[in-house]
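Asks: This is the structure, below, for whatever I ask next.
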Amino acid sequence: MQTGSHSEDEGYLDGQLLVAMPAMGDPRFSRSVIYLCAHSSEGAMGIIINQRAPNISFTELLEQLNIAPTEDRISISSGLSAMAVHLGGPVETGRGFVLHSADYFKSESTLPIDESVCLTATIDILRDIAKGSGPNKALLALGYAGWAPGQLEDEIQSNGWLNCPADPELIFDPEVDRKYNKALGSIGIDPIRLVNDSGHA
């Protein structure tokens with residue numbers, strides 16, 4: 001039960017979505033939706049959930065990591081071969097991070113973020129997904145987005161990001177291209193109406 005755990009951490013946004021504003025100056029984060037996995041006085045870490053990694057499929061990634069050599073490809077279900085690999089952010093882009101439903105949990109490697117979403121960053125989860133014993137819902141990303149202490153707060157203050165509650169349906173929606181508009185819609189914002197400097201007096 002996680003409900004009262006944030007009383008001393010009021011104002012931290014872990015478990016929420018960050019939605020890039022049009023004013024976002026960094027092209028790596030343009031129109032991005034980020035699920036914040038950790039946010040504290042020590043900084044923040046999140047996974048971009050709406051950018052596909054170009055030129056790599058889940059099965060190719062399994063091959064590169066020697067989890068499923070080419071000869072085993074035949075046994076990987078078609079759903080898996082269609083599973084997208086996402087760009088999770090510009091930090092540690094050679095490392096895989098899996099956001100997933102809470103039905104999968106390894107005590108030594110899974111970080112529960114809220115009651116319905118967890119993060120696991122070990123090869124074991126990729127093996128389990130390939131074998132069909134992984135989580136019910138999963139989003140695989142290479143790399144993550146990271147912020148130094150106070151940096152995310154500054155970016156929010158200067159209109160770089162909006163934040164909103166995270167809906168697992170949106171996080172795991174296979175239609176990557178609609179996540180940005182859906183996230184804005186969830187807080188009642190029409191993306192067409194967004195102006196670059198909204199909120200400045």
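For the structure tokens, the naming scheme is as follows: chains receive sequential letters (A, B, ...) according to their order of presentation, residues are indexed from 1 within each chain, and ligands are indexed from 1 in presentation order.
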Can you tell me, as a count of residues only, what residues are no more than 9 Å from A:Tyr144 when counting only C-alpha atoms, ignoring any on the same chain fewer than 6 positions away?
Replies: 14
Asks: Using only C-alpha atoms, I'd like a table of the residues in stretch 104-198 of chain A that come within 8 Å of stretch 14-25 of chain A; for each, show the closest atom pair and its distance in Å rounded to one decimal, ordered by chain and ascending number, as JSON lines.
Replies:
```
{"residue": "A:Ile113", "atom": "CA", "partner": "A:Gly15", "partner_atom": "CA", "distance": 5.9}
{"residue": "A:Asp114", "atom": "CA", "partner": "A:Gly15", "partner_atom": "CA", "distance": 6.2}
{"residue": "A:Asn159", "atom": "CA", "partner": "A:Met21", "partner_atom": "CA", "distance": 6.8}
{"residue": "A:Gly160", "atom": "CA", "partner": "A:Met24", "partner_atom": "CA", "distance": 4.8}
{"residue": "A:Trp161", "atom": "CA", "partner": "A:Ala20", "partner_atom": "CA", "distance": 4.7}
{"residue": "A:Leu162", "atom": "CA", "partner": "A:Val19", "partner_atom": "CA", "distance": 5.1}
{"residue": "A:Asn163", "atom": "CA", "partner": "A:Leu18", "partner_atom": "CA", "distance": 4.5}
{"residue": "A:Cys164", "atom": "CA", "partner": "A:Leu17", "partner_atom": "CA", "distance": 5.3}
{"residue": "A:Pro165", "atom": "CA", "partner": "A:Gln16", "partner_atom": "CA", "distance": 4.8}
{"residue": "A:Ala166", "atom": "CA", "partner": "A:Gln16", "partner_atom": "CA", "distance": 4.8}
{"residue": "A:Tyr180", "atom": "CA", "partner": "A:Val19", "partner_atom": "CA", "distance": 7.2}
{"residue": "A:Ala183", "atom": "CA", "partner": "A:Val19", "partner_atom": "CA", "distance": 7.1}
{"residue": "A:Leu184", "atom": "CA", "partner": "A:Val19", "partner_atom": "CA", "distance": 7.3}
{"residue": "A:Leu194", "atom": "CA", "partner": "A:Pro22", "partner_atom": "CA", "distance": 7.3}
{"residue": "A:Val195", "atom": "CA", "partner": "A:Pro22", "partner_atom": "CA", "distance": 7.0}
{"residue": "A:Asn196", "atom": "CA", "partner": "A:Ala23", "partner_atom": "CA", "distance": 4.9}
{"residue": "A:Asp197", "atom": "CA", "partner": "A:Ala23", "partner_atom": "CA", "distance": 6.9}
```
Asks: Would you write out those residues with N, CA, C and O atoms, as a PDB file, in the first residue's frame?
Replies:
```pdb
ATOM      1  N   ILE A 113       6.757   1.260  -8.744  1.00  0.00           N
ATOM      2  CA  ILE A 113       6.634   2.716  -8.780  1.00  0.00           C
ATOM      3  C   ILE A 113       5.283   3.145  -8.231  1.00  0.00           C
ATOM      4  O   ILE A 113       5.183   4.055  -7.440  1.00  0.00           O
ATOM      5  N   ASP A 114       4.225   2.469  -8.650  1.00  0.00           N
ATOM      6  CA  ASP A 114       2.933   2.644  -7.988  1.00  0.00           C
ATOM      7  C   ASP A 114       2.240   1.286  -8.014  1.00  0.00           C
ATOM      8  O   ASP A 114       2.859   0.288  -8.368  1.00  0.00           O
ATOM      9  N   ASN A 159       8.185  26.475 -17.875  1.00  0.00           N
ATOM     10  CA  ASN A 159       7.191  26.064 -18.874  1.00  0.00           C
ATOM     11  C   ASN A 159       7.666  24.985 -19.829  1.00  0.00           C
ATOM     12  O   ASN A 159       7.151  24.883 -20.941  1.00  0.00           O
ATOM     13  N   GLY A 160       8.653  24.187 -19.436  1.00  0.00           N
ATOM     14  CA  GLY A 160       9.110  23.117 -20.311  1.00  0.00           C
ATOM     15  C   GLY A 160       8.190  21.905 -20.283  1.00  0.00           C
ATOM     16  O   GLY A 160       8.054  21.202 -21.275  1.00  0.00           O
ATOM     17  N   TRP A 161       7.560  21.653 -19.116  1.00  0.00           N
ATOM     18  CA  TRP A 161       6.771  20.428 -18.937  1.00  0.00           C
ATOM     19  C   TRP A 161       5.455  20.708 -18.239  1.00  0.00           C
ATOM     20  O   TRP A 161       5.376  21.571 -17.375  1.00  0.00           O
ATOM     21  N   LEU A 162       4.464  19.931 -18.585  1.00  0.00           N
ATOM     22  CA  LEU A 162       3.245  19.806 -17.788  1.00  0.00           C
ATOM     23  C   LEU A 162       3.314  18.441 -17.119  1.00  0.00           C
ATOM     24  O   LEU A 162       3.989  17.542 -17.618  1.00  0.00           O
ATOM     25  N   ASN A 163       2.624  18.270 -16.007  1.00  0.00           N
ATOM     26  CA  ASN A 163       2.561  16.923 -15.436  1.00  0.00           C
ATOM     27  C   ASN A 163       1.112  16.536 -15.217  1.00  0.00           C
ATOM     28  O   ASN A 163       0.246  17.384 -15.054  1.00  0.00           O
ATOM     29  N   CYS A 164       0.866  15.236 -15.278  1.00  0.00           N
ATOM     30  CA  CYS A 164      -0.488  14.737 -15.085  1.00  0.00           C
ATOM     31  C   CYS A 164      -0.413  13.320 -14.532  1.00  0.00           C
ATOM     32  O   CYS A 164       0.621  12.673 -14.620  1.00  0.00           O
ATOM     33  N   PRO A 165      -1.501  12.840 -13.920  1.00  0.00           N
ATOM     34  CA  PRO A 165      -1.490  11.470 -13.401  1.00  0.00           C
ATOM     35  C   PRO A 165      -1.233  10.479 -14.532  1.00  0.00           C
ATOM     36  O   PRO A 165      -1.610  10.726 -15.675  1.00  0.00           O
ATOM     37  N   ALA A 166      -0.574   9.393 -14.193  1.00  0.00           N
ATOM     38  CA  ALA A 166      -0.260   8.371 -15.199  1.00  0.00           C
ATOM     39  C   ALA A 166      -1.372   7.340 -15.246  1.00  0.00           C
ATOM     40  O   ALA A 166      -1.798   6.832 -14.220  1.00  0.00           O
ATOM     41  N   TYR A 180       0.884  11.452 -26.984  1.00  0.00           N
ATOM     42  CA  TYR A 180       1.078  12.867 -26.648  1.00  0.00           C
ATOM     43  C   TYR A 180      -0.277  13.579 -26.532  1.00  0.00           C
ATOM     44  O   TYR A 180      -0.574  14.221 -25.526  1.00  0.00           O
ATOM     45  N   ALA A 183      -2.301  12.267 -23.559  1.00  0.00           N
ATOM     46  CA  ALA A 183      -1.830  12.775 -22.264  1.00  0.00           C
ATOM     47  C   ALA A 183      -2.321  14.207 -22.054  1.00  0.00           C
ATOM     48  O   ALA A 183      -2.803  14.560 -20.972  1.00  0.00           O
ATOM     49  N   LEU A 184      -2.221  15.043 -23.090  1.00  0.00           N
ATOM     50  CA  LEU A 184      -2.719  16.414 -22.973  1.00  0.00           C
ATOM     51  C   LEU A 184      -4.230  16.414 -22.749  1.00  0.00           C
ATOM     52  O   LEU A 184      -4.752  17.147 -21.914  1.00  0.00           O
ATOM     53  N   LEU A 194      -2.447  24.927 -27.583  1.00  0.00           N
ATOM     54  CA  LEU A 194      -1.253  25.196 -26.773  1.00  0.00           C
ATOM     55  C   LEU A 194      -0.408  26.275 -27.434  1.00  0.00           C
ATOM     56  O   LEU A 194      -0.029  26.152 -28.582  1.00  0.00           O
ATOM     57  N   VAL A 195      -0.107  27.306 -26.678  1.00  0.00           N
ATOM     58  CA  VAL A 195       0.811  28.321 -27.218  1.00  0.00           C
ATOM     59  C   VAL A 195       2.116  28.222 -26.462  1.00  0.00           C
ATOM     60  O   VAL A 195       2.163  27.797 -25.309  1.00  0.00           O
ATOM     61  N   ASN A 196       3.159  28.655 -27.112  1.00  0.00           N
ATOM     62  CA  ASN A 196       4.490  28.475 -26.539  1.00  0.00           C
ATOM     63  C   ASN A 196       4.680  29.073 -25.164  1.00  0.00           C
ATOM     64  O   ASN A 196       5.355  28.531 -24.329  1.00  0.00           O
ATOM     65  N   ASP A 197       4.106  30.248 -24.915  1.00  0.00           N
ATOM     66  CA  ASP A 197       4.447  30.881 -23.645  1.00  0.00           C
ATOM     67  C   ASP A 197       3.253  30.976 -22.730  1.00  0.00           C
ATOM     68  O   ASP A 197       3.103  31.925 -21.990  1.00  0.00           O
TER      69      ASP A 197
END
```
Asks: Could you pull out the strand (DSSP E or B) residues of stretch 24-125 of chain A, going by DSSP on the backbone, and write them as a ChimeraX atom specification?
Replies: /A:33-40,43-48,52,85-87,91-101,110-112,117-120
Asks: So how many Å separate atom CA of A:Lys106 and atom CA of A:Gly132, to one decimal?
Replies: 15.8 Å
Asks: Please identify all polymer residues within 10 Å of A:Ala84, counting only C-alpha atoms, omitting same-chain residues fewer than 2 positions from it, and present them as a PyMOL selection string.
Replies: chain A and resi 51-54+56-59+80-82+86-87+138-141+174+176
Asks: Please, could you write that set of residues out with C-alpha atoms as a short mmCIF file (atom, residue, chain, number, x, y, z; two decimals), in the first residue's frame?
Replies:
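Written output follows (again28.cif):
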```cif
data_model
loop_
_atom_site.label_atom_id
_atom_site.label_comp_id
_atom_site.auth_asym_id
_atom_site.auth_seq_id
_atom_site.Cartn_x
_atom_site.Cartn_y
_atom_site.Cartn_z
CA GLN A 51 9.39 7.47 -29.07
CA ARG A 52 10.16 4.32 -31.04
CA ALA A 53 13.77 3.27 -31.46
CA PRO A 54 14.53 3.27 -35.19
CA ILE A 56 15.66 -2.35 -34.12
CA SER A 57 12.95 -4.85 -33.30
CA PHE A 58 12.46 -6.78 -30.07
CA THR A 59 13.62 -10.02 -31.69
CA LEU A 80 6.62 -10.49 -29.37
CA SER A 81 8.21 -10.00 -32.73
CA ALA A 82 5.88 -7.03 -33.18
CA HIS A 86 11.35 2.54 -27.47
CA LEU A 87 13.93 5.28 -27.01
CA ALA A 138 5.42 -4.23 -20.90
CA LEU A 139 7.15 -1.31 -22.56
CA LEU A 140 10.79 -1.89 -23.45
CA ALA A 141 13.03 1.18 -23.72
CA PRO A 174 0.70 0.27 -28.52
CA VAL A 176 2.77 5.41 -29.75
#
```
Asks: Quick check for you: according to DSSP on this backbone, which residues of stretch 17-62 of chain A are classed as alpha helix (DSSP H)? Reply as an mmCIF file with N, CA, C and O atoms, in the first residue's frame.
Replies:
```
data_model
loop_
_atom_site.group_PDB
_atom_site.id
_atom_site.type_symbol
_atom_site.label_atom_id
_atom_site.label_comp_id
_atom_site.auth_asym_id
_atom_site.auth_seq_id
_atom_site.Cartn_x
_atom_site.Cartn_y
_atom_site.Cartn_z
ATOM 1 N N PHE A 58 12.257 -6.031 -31.316
ATOM 2 C CA PHE A 58 12.464 -6.779 -30.072
ATOM 3 C C PHE A 58 13.254 -8.063 -30.341
ATOM 4 O O PHE A 58 14.189 -8.385 -29.626
ATOM 5 N N THR A 59 12.905 -8.763 -31.423
ATOM 6 C CA THR A 59 13.621 -10.016 -31.694
ATOM 7 C C THR A 59 15.085 -9.758 -32.041
ATOM 8 O O THR A 59 15.969 -10.509 -31.637
ATOM 9 N N GLU A 60 15.362 -8.656 -32.754
ATOM 10 C CA GLU A 60 16.762 -8.328 -33.058
ATOM 11 C C GLU A 60 17.532 -7.990 -31.780
ATOM 12 O O GLU A 60 18.701 -8.344 -31.627
ATOM 13 N N LEU A 61 16.852 -7.308 -30.868
ATOM 14 C CA LEU A 61 17.493 -6.979 -29.594
ATOM 15 C C LEU A 61 17.817 -8.259 -28.817
ATOM 16 O O LEU A 61 18.902 -8.409 -28.257
ATOM 17 N N LEU A 62 16.872 -9.199 -28.815
ATOM 18 C CA LEU A 62 17.115 -10.480 -28.128
ATOM 19 C C LEU A 62 18.317 -11.191 -28.737
ATOM 20 O O LEU A 62 19.133 -11.787 -28.035
#
```
Asks: Could you tell me which of A:Glu108, A:Asp154, A:Glu63, A:Asp190 comes closest to A:Thr122 if we count only C-alpha atoms?
Replies: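 Once distances to A:Thr122 are computed over only C-alpha atoms, the minimum belongs to A:Glu108.
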Asks: Let me make sure I understand: among A:Glu153, A:Asp173, A:Asp167, A:Asp26, which one has the smallest atom-to-atom distance to A:Ser41 if we use only C-alpha atoms?
Replies: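 With only C-alpha atoms as the atom set, the closest residue is A:Glu153.
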Asks: What is the atom CA of A:Phe29-atom CA of A:Ile189 distance in Å, reported with one decimal?
Replies: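 Rounded to one decimal, the two atoms are 18.9 Å apart.
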Asks: Please measure the separation of atom CA of A:Asn50 and atom CA of A:Arg31, giving the value in Å to one decimal.
Replies: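 So the answer is 8.6 Å.
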